[in-house]
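Participant: Sharing my_file-v5.cif, mmCIF, C-alpha atoms:
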data_model
#
loop_
_atom_site.label_atom_id
_atom_site.label_comp_id
_atom_site.auth_asym_id
_atom_site.auth_seq_id
_atom_site.Cartn_x
_atom_site.Cartn_y
_atom_site.Cartn_z
CA MET Q 80 14.73 -26.86 -18.57
CA ALA Q 81 17.17 -24.06 -17.77
CA ILE Q 82 15.75 -20.61 -17.11
CA ALA Q 83 17.46 -17.71 -18.81
CA LYS Q 84 18.75 -14.98 -16.50
CA PRO Q 85 17.41 -11.70 -17.89
CA PRO Q 86 17.98 -8.28 -16.35
CA PHE Q 87 16.49 -7.43 -12.98
CA GLY Q 88 12.87 -6.35 -12.83
CA VAL Q 89 9.33 -7.69 -12.99
CA LEU Q 90 9.02 -10.85 -15.08
CA SER Q 91 6.85 -10.80 -18.20
CA CYS Q 92 4.16 -13.37 -18.97
CA GLU Q 93 6.60 -15.22 -21.22
CA GLN Q 94 9.14 -15.43 -18.40
CA ILE Q 95 6.39 -16.61 -16.04
CA ALA Q 96 5.67 -19.39 -18.54
CA GLU Q 97 9.37 -20.31 -18.39
CA LEU Q 98 9.14 -20.53 -14.60
CA SER Q 99 6.18 -22.86 -14.92
CA ALA Q 100 7.95 -25.07 -17.48
CA ALA Q 101 10.97 -25.31 -15.18
CA GLY Q 102 8.84 -26.47 -12.24
CA ALA Q 103 9.10 -23.24 -10.24
CA ILE Q 104 5.31 -22.75 -10.38
CA LEU Q 105 3.34 -25.89 -9.60
CA SER Q 106 -0.39 -26.47 -9.73
CA ALA Q 107 -2.97 -29.09 -8.87
CA ARG Q 108 -4.42 -28.47 -12.33
CA PRO Q 109 -2.66 -27.23 -15.48
CA ILE Q 110 -2.25 -23.47 -15.64
CA GLU Q 111 -4.67 -21.99 -18.14
CA PRO Q 112 -3.47 -19.46 -20.76
CA GLY Q 113 -5.96 -16.89 -19.47
CA GLN Q 114 -4.27 -16.87 -16.07
CA ARG Q 115 -1.18 -15.14 -17.44
CA GLN Q 116 -1.47 -11.37 -17.69
CA PRO Q 117 1.31 -9.24 -19.27
CA ALA Q 118 3.24 -9.14 -15.97
CA SER Q 119 1.35 -11.34 -13.52
CA LEU Q 120 -0.27 -14.70 -12.91
CA ASP Q 121 -3.85 -15.11 -11.67
CA LEU Q 122 -4.11 -17.50 -8.71
CA ARG Q 123 -7.00 -19.96 -8.37
CA LEU Q 124 -8.89 -21.02 -5.28
CA GLY Q 125 -8.64 -24.65 -4.22
CA PRO Q 126 -11.53 -27.01 -3.38
CA LYS Q 127 -12.19 -25.92 0.21
CA ALA Q 128 -12.24 -22.86 2.45
CA HIS Q 129 -11.61 -22.62 6.18
CA ARG Q 130 -13.64 -20.13 8.17
CA VAL Q 131 -11.49 -18.73 10.97
CA ARG Q 132 -12.17 -16.41 13.89
CA ALA Q 133 -9.57 -13.82 12.90
CA SER Q 134 -6.75 -12.98 10.52
CA PHE Q 135 -3.38 -14.48 11.35
CA LEU Q 136 0.22 -14.94 10.22
CA PRO Q 137 2.13 -18.17 10.92
CA GLY Q 138 5.44 -16.53 11.88
CA LYS Q 139 8.90 -17.98 11.54
CA GLY Q 140 9.20 -21.74 11.61
CA ARG Q 141 5.45 -22.40 11.47
CA GLY Q 142 3.17 -23.66 8.72
CA VAL Q 143 -0.30 -22.49 7.77
CA GLU Q 144 -1.85 -25.97 7.84
CA ALA Q 145 -0.87 -26.50 11.47
CA LEU Q 146 -2.45 -23.21 12.46
CA LEU Q 147 -5.60 -23.96 10.49
CA ALA Q 148 -5.99 -27.17 12.47
CA GLU Q 149 -6.02 -25.04 15.62
CA LEU Q 150 -8.06 -22.06 14.39
CA ALA Q 151 -10.54 -23.19 11.77
CA TYR Q 152 -14.04 -23.95 13.04
CA ASP Q 153 -15.79 -24.55 9.75
CA GLU Q 154 -14.59 -26.21 6.53
CA ILE Q 155 -16.55 -25.25 3.42
CA ALA Q 156 -16.53 -27.15 0.12
CA LEU Q 157 -16.09 -24.97 -2.98
CA ASP Q 158 -16.89 -27.62 -5.58
CA GLY Q 159 -20.06 -27.66 -7.68
CA ARG Q 160 -21.97 -24.39 -7.30
CA GLY Q 161 -19.36 -23.19 -4.84
CA ALA Q 162 -20.22 -21.48 -1.58
CA VAL Q 163 -21.11 -18.07 -0.21
CA LEU Q 164 -18.45 -16.25 1.77
CA GLU Q 165 -20.33 -14.03 4.19
CA ARG Q 166 -19.63 -10.34 4.57
CA GLY Q 167 -17.59 -9.57 7.68
CA CYS Q 168 -16.20 -13.10 8.06
CA VAL Q 169 -12.61 -14.27 7.52
CA TYR Q 170 -11.69 -17.30 5.42
CA VAL Q 171 -8.39 -18.96 4.59
CA ILE Q 172 -8.37 -20.84 1.28
CA PRO Q 173 -5.51 -23.03 0.03
CA LEU Q 174 -4.72 -22.11 -3.58
CA GLN Q 175 -4.23 -24.49 -6.49
CA GLU Q 176 -0.80 -23.01 -7.24
CA SER Q 177 2.32 -23.62 -5.18
CA LEU Q 178 5.93 -22.49 -5.65
CA ALA Q 179 9.48 -23.82 -5.82
CA LEU Q 180 11.18 -20.55 -6.70
CA PRO Q 181 14.81 -20.12 -7.77
CA GLN Q 182 17.02 -18.38 -5.24
CA ASP Q 183 17.03 -15.16 -7.29
CA VAL Q 184 13.25 -14.87 -7.81
CA SER Q 185 10.78 -13.43 -5.29
CA ALA Q 186 7.07 -12.72 -5.66
CA VAL Q 187 4.37 -10.37 -4.43
CA ALA Q 188 0.58 -10.66 -4.59
CA ASN Q 189 -2.27 -8.17 -4.97
CA PRO Q 190 -6.03 -8.54 -5.27
CA LYS Q 191 -7.18 -8.49 -8.88
CA SER Q 192 -8.83 -5.26 -9.97
CA SER Q 193 -12.29 -6.83 -9.93
CA THR Q 194 -11.67 -8.19 -6.44
CA GLY Q 195 -10.75 -4.79 -5.05
CA ARG Q 196 -13.75 -3.11 -6.66
CA LEU Q 197 -16.02 -5.57 -4.86
CA ASP Q 198 -14.37 -4.61 -1.54
CA ILE Q 199 -13.10 -8.13 -0.98
CA PHE Q 200 -10.15 -7.81 1.36
CA THR Q 201 -7.74 -10.57 0.34
CA ARG Q 202 -4.10 -11.21 1.21
CA LEU Q 203 -1.61 -13.94 0.41
CA ILE Q 204 -0.13 -16.11 3.17
CA THR Q 205 2.83 -18.48 2.93
CA ASP Q 206 4.42 -20.80 5.43
CA ASP Q 207 7.16 -19.43 7.68
CA THR Q 208 6.30 -15.77 7.16
CA GLU Q 209 5.73 -12.67 9.27
CA ILE Q 210 4.22 -10.49 6.50
CA PHE Q 211 1.33 -10.78 4.06
CA ASP Q 212 1.51 -10.77 0.26
CA HIS Q 213 5.31 -11.14 -0.06
CA VAL Q 214 7.04 -14.38 -1.05
CA VAL Q 215 10.76 -14.55 -0.32
CA ALA Q 216 13.23 -15.54 -3.03
CA GLY Q 217 13.68 -19.31 -3.17
CA TYR Q 218 10.38 -20.08 -1.38
CA ARG Q 219 9.19 -23.65 -1.70
CA GLY Q 220 5.70 -24.41 -0.47
CA ARG Q 221 1.97 -23.86 -0.65
CA LEU Q 222 0.08 -20.59 -1.06
CA TYR Q 223 -3.04 -19.50 0.81
CA ALA Q 224 -5.50 -16.64 0.34
CA GLU Q 225 -7.02 -14.89 3.32
CA VAL Q 226 -10.39 -13.62 2.10
CA SER Q 227 -12.74 -11.27 3.94
CA PRO Q 228 -15.65 -9.73 1.99
CA ARG Q 229 -16.34 -6.28 3.40
CA SER Q 230 -19.33 -4.83 1.53
CA PHE Q 231 -21.05 -7.76 -0.20
CA SER Q 232 -21.26 -11.46 0.49
CA VAL Q 233 -19.79 -13.28 -2.51
CA ARG Q 234 -20.14 -16.67 -4.13
CA VAL Q 235 -16.86 -18.36 -5.07
CA ARG Q 236 -15.95 -21.81 -6.26
CA GLU Q 237 -12.88 -23.92 -6.92
CA GLY Q 238 -10.93 -22.15 -9.66
CA SER Q 239 -12.23 -18.63 -8.90
CA ARG Q 240 -9.49 -16.03 -9.27
CA LEU Q 241 -9.26 -13.33 -6.62
CA ASP Q 242 -5.51 -12.65 -6.48
CA GLN Q 243 -2.68 -12.08 -8.92
CA MET Q 244 1.04 -12.66 -8.39
CA ARG Q 245 4.05 -10.87 -9.81
CA PHE Q 246 7.53 -12.30 -9.94
CA ARG Q 247 10.74 -10.31 -9.94
CA ARG Q 248 14.49 -10.52 -9.91
CA GLY Q 249 16.16 -7.92 -7.74
CA ASP Q 250 15.26 -5.92 -4.65
CA PRO Q 251 12.24 -3.67 -5.42
CA ARG Q 252 13.78 -0.92 -3.29
CA ASP Q 253 16.67 -0.80 -5.75
CA LEU Q 254 14.44 -1.09 -8.82
CA LEU Q 255 11.97 1.74 -8.20
CA LEU Q 256 12.39 4.60 -10.65
CA SER Q 257 13.48 7.91 -9.14
CA ASP Q 258 11.54 11.11 -9.73
CA ALA Q 259 14.30 12.22 -12.10
CA ALA Q 260 13.95 9.02 -14.12
CA LEU Q 261 10.15 9.43 -14.18
CA ALA Q 262 10.49 13.03 -15.40
CA ALA Q 263 12.73 11.79 -18.20
CA GLU Q 264 10.20 9.08 -19.13
CA HIS Q 265 7.41 11.65 -19.17
CA GLY Q 266 9.51 13.89 -21.40
CA ARG Q 267 9.87 11.11 -23.97
CA ALA Q 268 6.19 10.12 -23.88
CA PRO Q 269 3.64 11.31 -21.33
CA LEU Q 270 2.85 9.09 -18.34
CA VAL Q 271 -0.22 11.20 -17.48
CA ASP Q 272 -2.25 13.80 -19.30
CA GLY Q 273 -1.80 17.34 -18.05
CA ASP Q 274 0.90 18.36 -15.60
CA LEU Q 275 3.19 15.79 -14.01
CA THR Q 276 3.58 16.05 -10.21
CA LEU Q 277 6.31 13.93 -8.65
CA ARG Q 278 6.79 13.01 -5.02
CA GLU Q 279 8.59 9.66 -4.79
CA GLY Q 280 6.34 8.58 -7.64
CA VAL Q 281 3.62 10.09 -9.82
CA ILE Q 282 1.00 11.93 -7.76
CA LEU Q 283 -2.66 11.24 -8.55
CA ARG Q 284 -5.60 13.47 -7.62
CA VAL Q 285 -9.27 12.61 -7.21
CA ALA Q 286 -11.88 13.76 -9.74
CA LEU Q 287 -15.09 15.05 -8.17
CA ASP Q 288 -16.33 17.15 -11.07
CA GLY Q 289 -18.65 14.61 -12.67
CA LEU Q 290 -17.09 12.01 -14.98
CA ALA Q 291 -20.12 10.05 -16.12
CA GLY Q 292 -23.48 11.76 -16.41
CA GLY Q 293 -22.88 13.94 -13.38
CA VAL Q 294 -21.87 10.99 -11.18
CA VAL Q 295 -18.60 11.38 -9.26
CA GLY Q 296 -18.57 7.96 -7.66
CA TYR Q 297 -20.46 5.10 -6.06
CA ARG Q 298 -21.03 4.10 -2.43
CA ALA Q 299 -21.71 0.46 -1.56
CA GLN Q 300 -25.14 -0.30 -0.11
CA LYS Q 301 -25.20 -1.86 3.34
CA HIS Q 302 -27.68 -4.64 2.58
CA ALA Q 303 -27.37 -6.19 -0.86
CA ASP Q 304 -27.62 -9.58 -2.48
CA VAL Q 305 -24.74 -11.99 -3.06
CA VAL Q 306 -22.31 -11.30 -5.93
CA ASP Q 307 -21.03 -14.30 -7.90
CA VAL Q 308 -17.40 -13.47 -8.65
CA ASP Q 309 -17.40 -15.59 -11.81
CA LEU Q 310 -20.41 -13.95 -13.50
CA VAL Q 311 -19.68 -10.97 -15.76
CA ASP Q 312 -22.17 -8.20 -16.66
CA HIS Q 313 -24.72 -9.84 -14.39
CA CYS Q 314 -25.70 -7.55 -11.49
CA ALA Q 315 -27.80 -4.39 -11.67
CA ILE Q 316 -25.94 -1.38 -10.30
CA GLU Q 317 -28.93 -0.02 -8.39
CA ASP Q 318 -29.20 -3.23 -6.36
CA TYR Q 319 -25.72 -2.79 -4.90
CA TRP Q 320 -24.55 0.82 -5.23
CA GLU Q 321 -25.68 4.34 -4.48
CA ARG Q 322 -24.72 6.83 -7.18
CA LEU Q 323 -23.01 9.96 -5.85
CA PRO Q 324 -23.97 13.07 -7.83
CA ILE Q 325 -21.68 15.99 -8.46
CA ARG Q 326 -22.02 18.74 -5.85
CA ALA Q 327 -21.70 22.44 -6.48
CA ASN Q 328 -18.74 22.69 -4.09
CA ARG Q 329 -16.98 19.68 -5.72
CA LYS Q 330 -16.56 17.97 -2.34
CA LEU Q 331 -17.39 14.56 -0.89
CA ILE Q 332 -17.51 13.56 2.78
CA LEU Q 333 -16.20 10.04 3.35
CA ASP Q 334 -18.17 8.40 6.15
CA PRO Q 335 -16.33 5.99 8.45
CA ASP Q 336 -16.45 2.35 7.38
CA GLU Q 337 -18.17 3.13 4.09
CA PHE Q 338 -16.75 1.91 0.78
CA TYR Q 339 -16.51 4.18 -2.28
CA ILE Q 340 -15.54 3.81 -5.93
CA LEU Q 341 -14.00 7.03 -7.29
CA ALA Q 342 -11.63 7.90 -10.13
CA SER Q 343 -8.44 9.83 -10.64
CA ARG Q 344 -8.39 13.20 -12.39
CA GLU Q 345 -5.38 12.07 -14.43
CA ARG Q 346 -5.43 9.62 -17.29
CA LEU Q 347 -2.51 7.19 -17.17
CA ARG Q 348 -0.25 5.33 -19.55
CA ILE Q 349 2.05 2.50 -18.47
CA PRO Q 350 4.86 2.00 -21.03
CA ALA Q 351 5.69 -1.49 -22.27
CA HIS Q 352 9.02 -1.56 -20.43
CA LEU Q 353 7.58 -0.53 -17.04
CA SER Q 354 5.03 -1.70 -14.50
CA ALA Q 355 3.42 0.42 -11.80
CA GLU Q 356 1.79 0.08 -8.41
CA MET Q 357 -0.54 2.36 -6.48
CA MET Q 358 0.83 3.03 -3.02
CA ALA Q 359 -1.33 3.65 0.02
CA ILE Q 360 -1.86 7.26 1.00
CA ASP Q 361 0.48 8.73 3.59
CA PRO Q 362 -1.55 8.78 6.87
CA ALA Q 363 -0.41 12.37 7.36
CA MET Q 364 -2.41 13.30 4.22
CA GLY Q 365 -5.74 11.78 5.20
CA GLU Q 366 -7.41 9.07 7.24
CA PHE Q 367 -8.47 6.76 4.43
CA ARG Q 368 -7.26 3.77 2.47
CA VAL Q 369 -7.12 3.84 -1.32
CA HIS Q 370 -6.78 1.18 -3.99
CA TYR Q 371 -6.69 -2.37 -2.67
CA ALA Q 372 -5.73 -3.72 -6.11
CA GLY Q 373 -2.70 -1.64 -6.80
CA PHE Q 374 -0.92 -3.20 -9.79
CA PHE Q 375 -0.95 -1.76 -13.33
CA ASP Q 376 0.24 -3.95 -16.21
CA PRO Q 377 2.46 -2.73 -19.05
CA GLY Q 378 0.24 -1.25 -21.72
CA PHE Q 379 -2.51 -0.12 -19.33
CA GLY Q 380 -3.97 3.15 -20.56
CA CYS Q 381 -2.06 3.26 -23.84
CA ALA Q 382 -4.31 5.11 -26.29
CA ALA Q 383 -3.81 6.24 -29.89
CA GLN Q 384 -0.49 7.97 -30.62
CA GLY Q 385 0.78 6.82 -27.22
CA ARG Q 386 -1.50 9.15 -25.25
CA PRO Q 387 -2.57 8.37 -21.67
CA GLY Q 388 -6.07 6.93 -22.01
CA SER Q 389 -7.32 5.39 -18.74
CA ARG Q 390 -8.09 6.81 -15.34
CA ALA Q 391 -7.14 4.97 -12.17
CA VAL Q 392 -10.28 3.73 -10.45
CA LEU Q 393 -9.93 4.25 -6.72
CA GLU Q 394 -11.30 1.91 -4.08
CA VAL Q 395 -11.59 4.15 -1.04
CA ARG Q 396 -12.50 3.44 2.57
CA SER Q 397 -12.39 6.03 5.34
CA HIS Q 398 -10.96 5.04 8.71
CA ASP Q 399 -12.22 6.23 12.10
CA VAL Q 400 -13.46 9.74 11.37
CA PRO Q 401 -15.38 11.44 8.54
CA PHE Q 402 -13.03 12.98 6.01
CA ILE Q 403 -13.68 15.67 3.38
CA LEU Q 404 -12.31 15.10 -0.10
CA GLU Q 405 -12.13 18.02 -2.54
CA ASP Q 406 -11.87 17.87 -6.30
CA GLY Q 407 -8.20 17.68 -7.26
CA GLN Q 408 -7.01 16.58 -3.81
CA VAL Q 409 -3.99 14.26 -3.71
CA ILE Q 410 -5.23 10.72 -3.15
CA GLY Q 411 -2.32 8.46 -4.03
CA ARG Q 412 0.87 7.95 -5.97
CA LEU Q 413 2.13 5.52 -8.55
CA VAL Q 414 5.58 4.00 -8.22
CA TYR Q 415 7.24 2.41 -11.24
CA GLU Q 416 9.79 -0.33 -11.74
CA PRO Q 417 11.29 -1.83 -14.89
CA MET Q 418 10.21 -5.01 -16.59
CA ALA Q 419 12.90 -7.69 -16.86
CA ALA Q 420 11.62 -8.06 -20.44
CA GLU Q 421 8.79 -6.44 -22.34
CA PRO Q 422 5.76 -8.73 -22.71
CA LYS Q 423 4.95 -9.65 -26.28
CA ARG Q 424 1.32 -8.64 -25.80
CA LEU Q 425 0.41 -5.68 -23.64
CA TYR Q 426 -2.66 -5.03 -21.53
CA GLY Q 427 -5.57 -4.37 -23.85
CA GLU Q 428 -4.02 -6.15 -26.85
CA ALA Q 429 -5.09 -9.73 -26.16
CA GLY Q 430 -7.71 -11.64 -24.24
CA VAL Q 431 -10.11 -9.80 -21.95
CA SER Q 432 -8.98 -6.41 -20.65
CA ASN Q 433 -12.04 -5.19 -18.78
CA TYR Q 434 -10.62 -1.85 -17.70
CA GLN Q 435 -8.70 -0.49 -20.68
CA GLY Q 436 -9.86 3.02 -21.54
CA GLN Q 437 -11.86 3.27 -18.32
CA ASP Q 438 -13.23 6.40 -16.69
CA LEU Q 439 -15.37 5.79 -13.60
CA LYS Q 440 -16.08 2.06 -13.76
CA LEU Q 441 -17.41 -0.54 -11.38
CA SER Q 442 -16.17 -4.11 -11.49
CA LYS Q 443 -16.95 -6.34 -14.47
CA HIS Q 444 -19.75 -8.04 -12.54
CA PHE Q 445 -22.13 -5.09 -12.99
CA LYS Q 446 -24.15 -4.20 -16.04
CA ALA Q 447 -23.11 -1.02 -17.81
CA PRO Q 448 -25.22 2.01 -16.79
#
Starting from the file, lay out its structure as structure tokens.
Facilitator:
Amino acid sequence: MAIAKPPFGVLSCEQIAELSAAGAILSARPIEPGQRQPASLDLRLGPKAHRVRASFLPGKGRGVEALLAELAYDEIALDGRGAVLERGCVYVIPLQESLALPQDVSAVANPKSSTGRLDIFTRLITDDTEIFDHVVAGYRGRLYAEVSPRSFSVRVREGSRLDQMRFRRGDPRDLLLSDAALAAEHGRAPLVDGDLTLREGVILRVALDGLAGGVVGYRAQKHADVVDVDLVDHCAIEDYWERLPIRANRKLILDPDEFYILASRERLRIPAHLSAEMMAIDPAMGEFRVHYAGFFDPGFGCAAQGRPGSRAVLEVRSHDVPFILEDGQVIGRLVYEPMAAEPKRLYGEAGVSNYQGQDLKLSKHFKAP
């Protein structure tokens, strides 16, 4: 089957289906319809995990399997009830999907939103690579997930979905919308509610003024039970999280090596012809990491009359020193690139869209407060 050559940009779910039909995306088991999001493909864990001493990259001319034979000291079966991945440990898990990409198609992976909100640090590895998460155009080979739970031990099994992959034609550095183009988009239909601030993307600020019953965020508890990543609306919030109340000074001190769930002040809207990604904070603006799961599908946040309707939920971890956040402080930026084609069904229009219309929201695994 020949693949049509649409304009450059991020491929839609329909174009991802074309890649699959043409043999560019292979899988040990048939790809399920629910794996395809408007502009991404969920990746599934394979039947076994390798516990390793430390994170690694294979480097040029080397394969992951050969390194696993040297480094892995425990092989864990993920069939049946699955297995618990312990907090603080590193695992490498071969995925069910593999690739035989055309020479003009590359890919990039991110943790799924629910994965990031559980503080599961996960990155994609390929053979013959010196960087995580990026798949070069024309790559042919297997895919592996490096998984390291940071706050909670988690139960996973064969078929669990922790990562998502986007496919694109064209160099992302050439595709990113300029601030002038973003201002024009905002003029036609707002990208955020309130004022638009641009600085090589749309600037987002943290909300610490009490979004949900006087709660400004959540901090992960140090000693909690296991979370099953495949169970929805299952865990009690109070068994895993500490609620952070609003303070009179509208400030929050981030403690080193603690994990927080916060929310943006702005509500967002991602138009059907664009996709967006949250970029890490500039180290010169603060010693913390924000938003592990940084991809926003077309249609995210689209409310009635095209208004921005969803906040960005922020997964935040401070680095080596305590850091004071103030209400309205810059905490990240969104960069945008075009879709190669608009998906027929946008985020929130079909299937399960757990985070459409969200304010401050934990992952889908926790019961609503």
Participant: I'd like to see the residues matched by the PyMOL selection byres ((chain Q and resi 355) around 10) on this file, and ideally I'd get them as a list in words.
Facilitator: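 Written out, the selection comes to Leu255, Leu256, Gly280, Val281, Arg348, Ile349, Pro350, Leu353, Ser354, Glu356, Met357, Met358, Gly373, Phe374, Phe375, Asp376, Pro377, Phe379, Arg412, Leu413, Val414, Tyr415, Glu416, Pro417 and Met418 of chain Q.
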Participant: Nearest residue to Asp253 of chain Q out of Q:Phe445, Q:Phe87, Q:Phe211, Q:Tyr339, using all atoms listed in the file?
Facilitator: Q:Phe87
Participant: Which residues of segment 221-274 of chain Q come within 12 Å of segment 137-142 of chain Q, and what is each one's closest atom pair and distance in Å (one decimal), counting all atoms listed in the file, sorted by chain and residue number, as a Markdown table?
Facilitator:
| residue | atom | partner | partner_atom | distance |
| --- | --- | --- | --- | --- |
| Q:Arg221 | CA | Q:Gly142 | CA | 9.4 |
| Q:Leu222 | CA | Q:Gly142 | CA | 10.7 |
| Q:Tyr223 | CA | Q:Gly142 | CA | 10.9 |
Participant: With a distance cut-off of 12 Å and all atoms listed in the file, select the neighbouring residues of Lys443 of chain Q, excluding the residue or stretch itself and same-chain residues fewer than 3 positions from it, and output the selection as a JSON list (two decimals) with C-alpha atoms, in the coordinates of the input.
Facilitator:
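New file selection-v2.json:
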[["chain", "number", "residue", "atom", "x", "y", "z"],
["Q", 191, "LYS", "CA", -7.18, -8.49, -8.88],
["Q", 192, "SER", "CA", -8.83, -5.26, -9.97],
["Q", 193, "SER", "CA", -12.29, -6.83, -9.93],
["Q", 194, "THR", "CA", -11.67, -8.19, -6.44],
["Q", 195, "GLY", "CA", -10.75, -4.79, -5.05],
["Q", 196, "ARG", "CA", -13.75, -3.11, -6.66],
["Q", 197, "LEU", "CA", -16.02, -5.57, -4.86],
["Q", 306, "VAL", "CA", -22.31, -11.30, -5.93],
["Q", 307, "ASP", "CA", -21.03, -14.30, -7.90],
["Q", 308, "VAL", "CA", -17.40, -13.47, -8.65],
["Q", 309, "ASP", "CA", -17.40, -15.59, -11.81],
["Q", 310, "LEU", "CA", -20.41, -13.95, -13.50],
["Q", 311, "VAL", "CA", -19.68, -10.97, -15.76],
["Q", 312, "ASP", "CA", -22.17, -8.20, -16.66],
["Q", 313, "HIS", "CA", -24.72, -9.84, -14.39],
["Q", 314, "CYS", "CA", -25.70, -7.55, -11.49],
["Q", 315, "ALA", "CA", -27.80, -4.39, -11.67],
["Q", 316, "ILE", "CA", -25.94, -1.38, -10.30],
["Q", 431, "VAL", "CA", -10.11, -9.80, -21.95],
["Q", 432, "SER", "CA", -8.98, -6.41, -20.65],
["Q", 433, "ASN", "CA", -12.04, -5.19, -18.78],
["Q", 434, "TYR", "CA", -10.62, -1.85, -17.70],
["Q", 435, "GLN", "CA", -8.70, -0.49, -20.68],
["Q", 437, "GLN", "CA", -11.86, 3.27, -18.32],
["Q", 440, "LYS", "CA", -16.08, 2.06, -13.76],
["Q", 446, "LYS", "CA", -24.15, -4.20, -16.04],
["Q", 447, "ALA", "CA", -23.11, -1.02, -17.81],
["Q", 448, "PRO", "CA", -25.22, 2.01, -16.79]]
Participant: For the file shown, report as a VMD selection string the outcome of the PyMOL selection byres ((chain Q and resi 337) around 8) at residue level.
Facilitator: chain Q and resid 298 to 299 333 to 336 338 to 339 396 to 397
Participant: Residues proximal to (0.6, 6.2, -26.3) were defined as those with any atom within 12 Å of that point in the file's coordinates, counting all atoms listed in the file. Which are they, as a ChimeraX atom specification?
Facilitator: /Q:265,267-272,346-351,377-389,436
Participant: For Leu439 of chain Q, which residue among Q:Ala327, Q:Ala419, Q:Asp288, Q:Asp399 is the nearest when counting only C-alpha atoms?
Facilitator: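 The shortest atom-to-atom distance to Leu439 of chain Q comes from Q:Asp288.
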Participant: Given the PyMOL selection byres ((chain Q and resi 295) around 6) and the file above, list the residues it selects as a list in words.
Facilitator: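 This file gives the following for the PyMOL selection byres ((chain Q and resi 295) around 6): Leu287, Gly289, Leu290, Val294, Gly296, Leu323, Pro324 and Ile325 of chain Q.
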Participant: Which one is closest to Glu93 of chain Q: Q:Leu147, Q:Leu425, Q:Ala128, Q:Leu404? Count all atoms listed in the file.
Facilitator: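 Closest candidate: Q:Leu425.
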Participant: Nearest to Gly88 of chain Q: which of Q:Arg284, Q:Arg248, Q:His352, Q:Arg326 is it, counting all atoms listed in the file?
Facilitator: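 The closest residue to Gly88 of chain Q is Q:Arg248.
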Participant: Kindly give the distance, in Å, that separates atom CA of Pro190 of chain Q and atom CA of Lys330 of chain Q, rounded to a single decimal.
Facilitator: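 Atom-to-atom, atom CA of Pro190 of chain Q and atom CA of Lys330 of chain Q are spaced 28.7 Å apart.
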Participant: Which of these, Q:Leu180, Q:Val169, Q:Ala342, Q:Ala118, has the shortest distance to Ile104 of chain Q once you count only C-alpha atoms?
Facilitator: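 Using only C-alpha atoms, the shortest distance to Ile104 of chain Q belongs to Q:Leu180.
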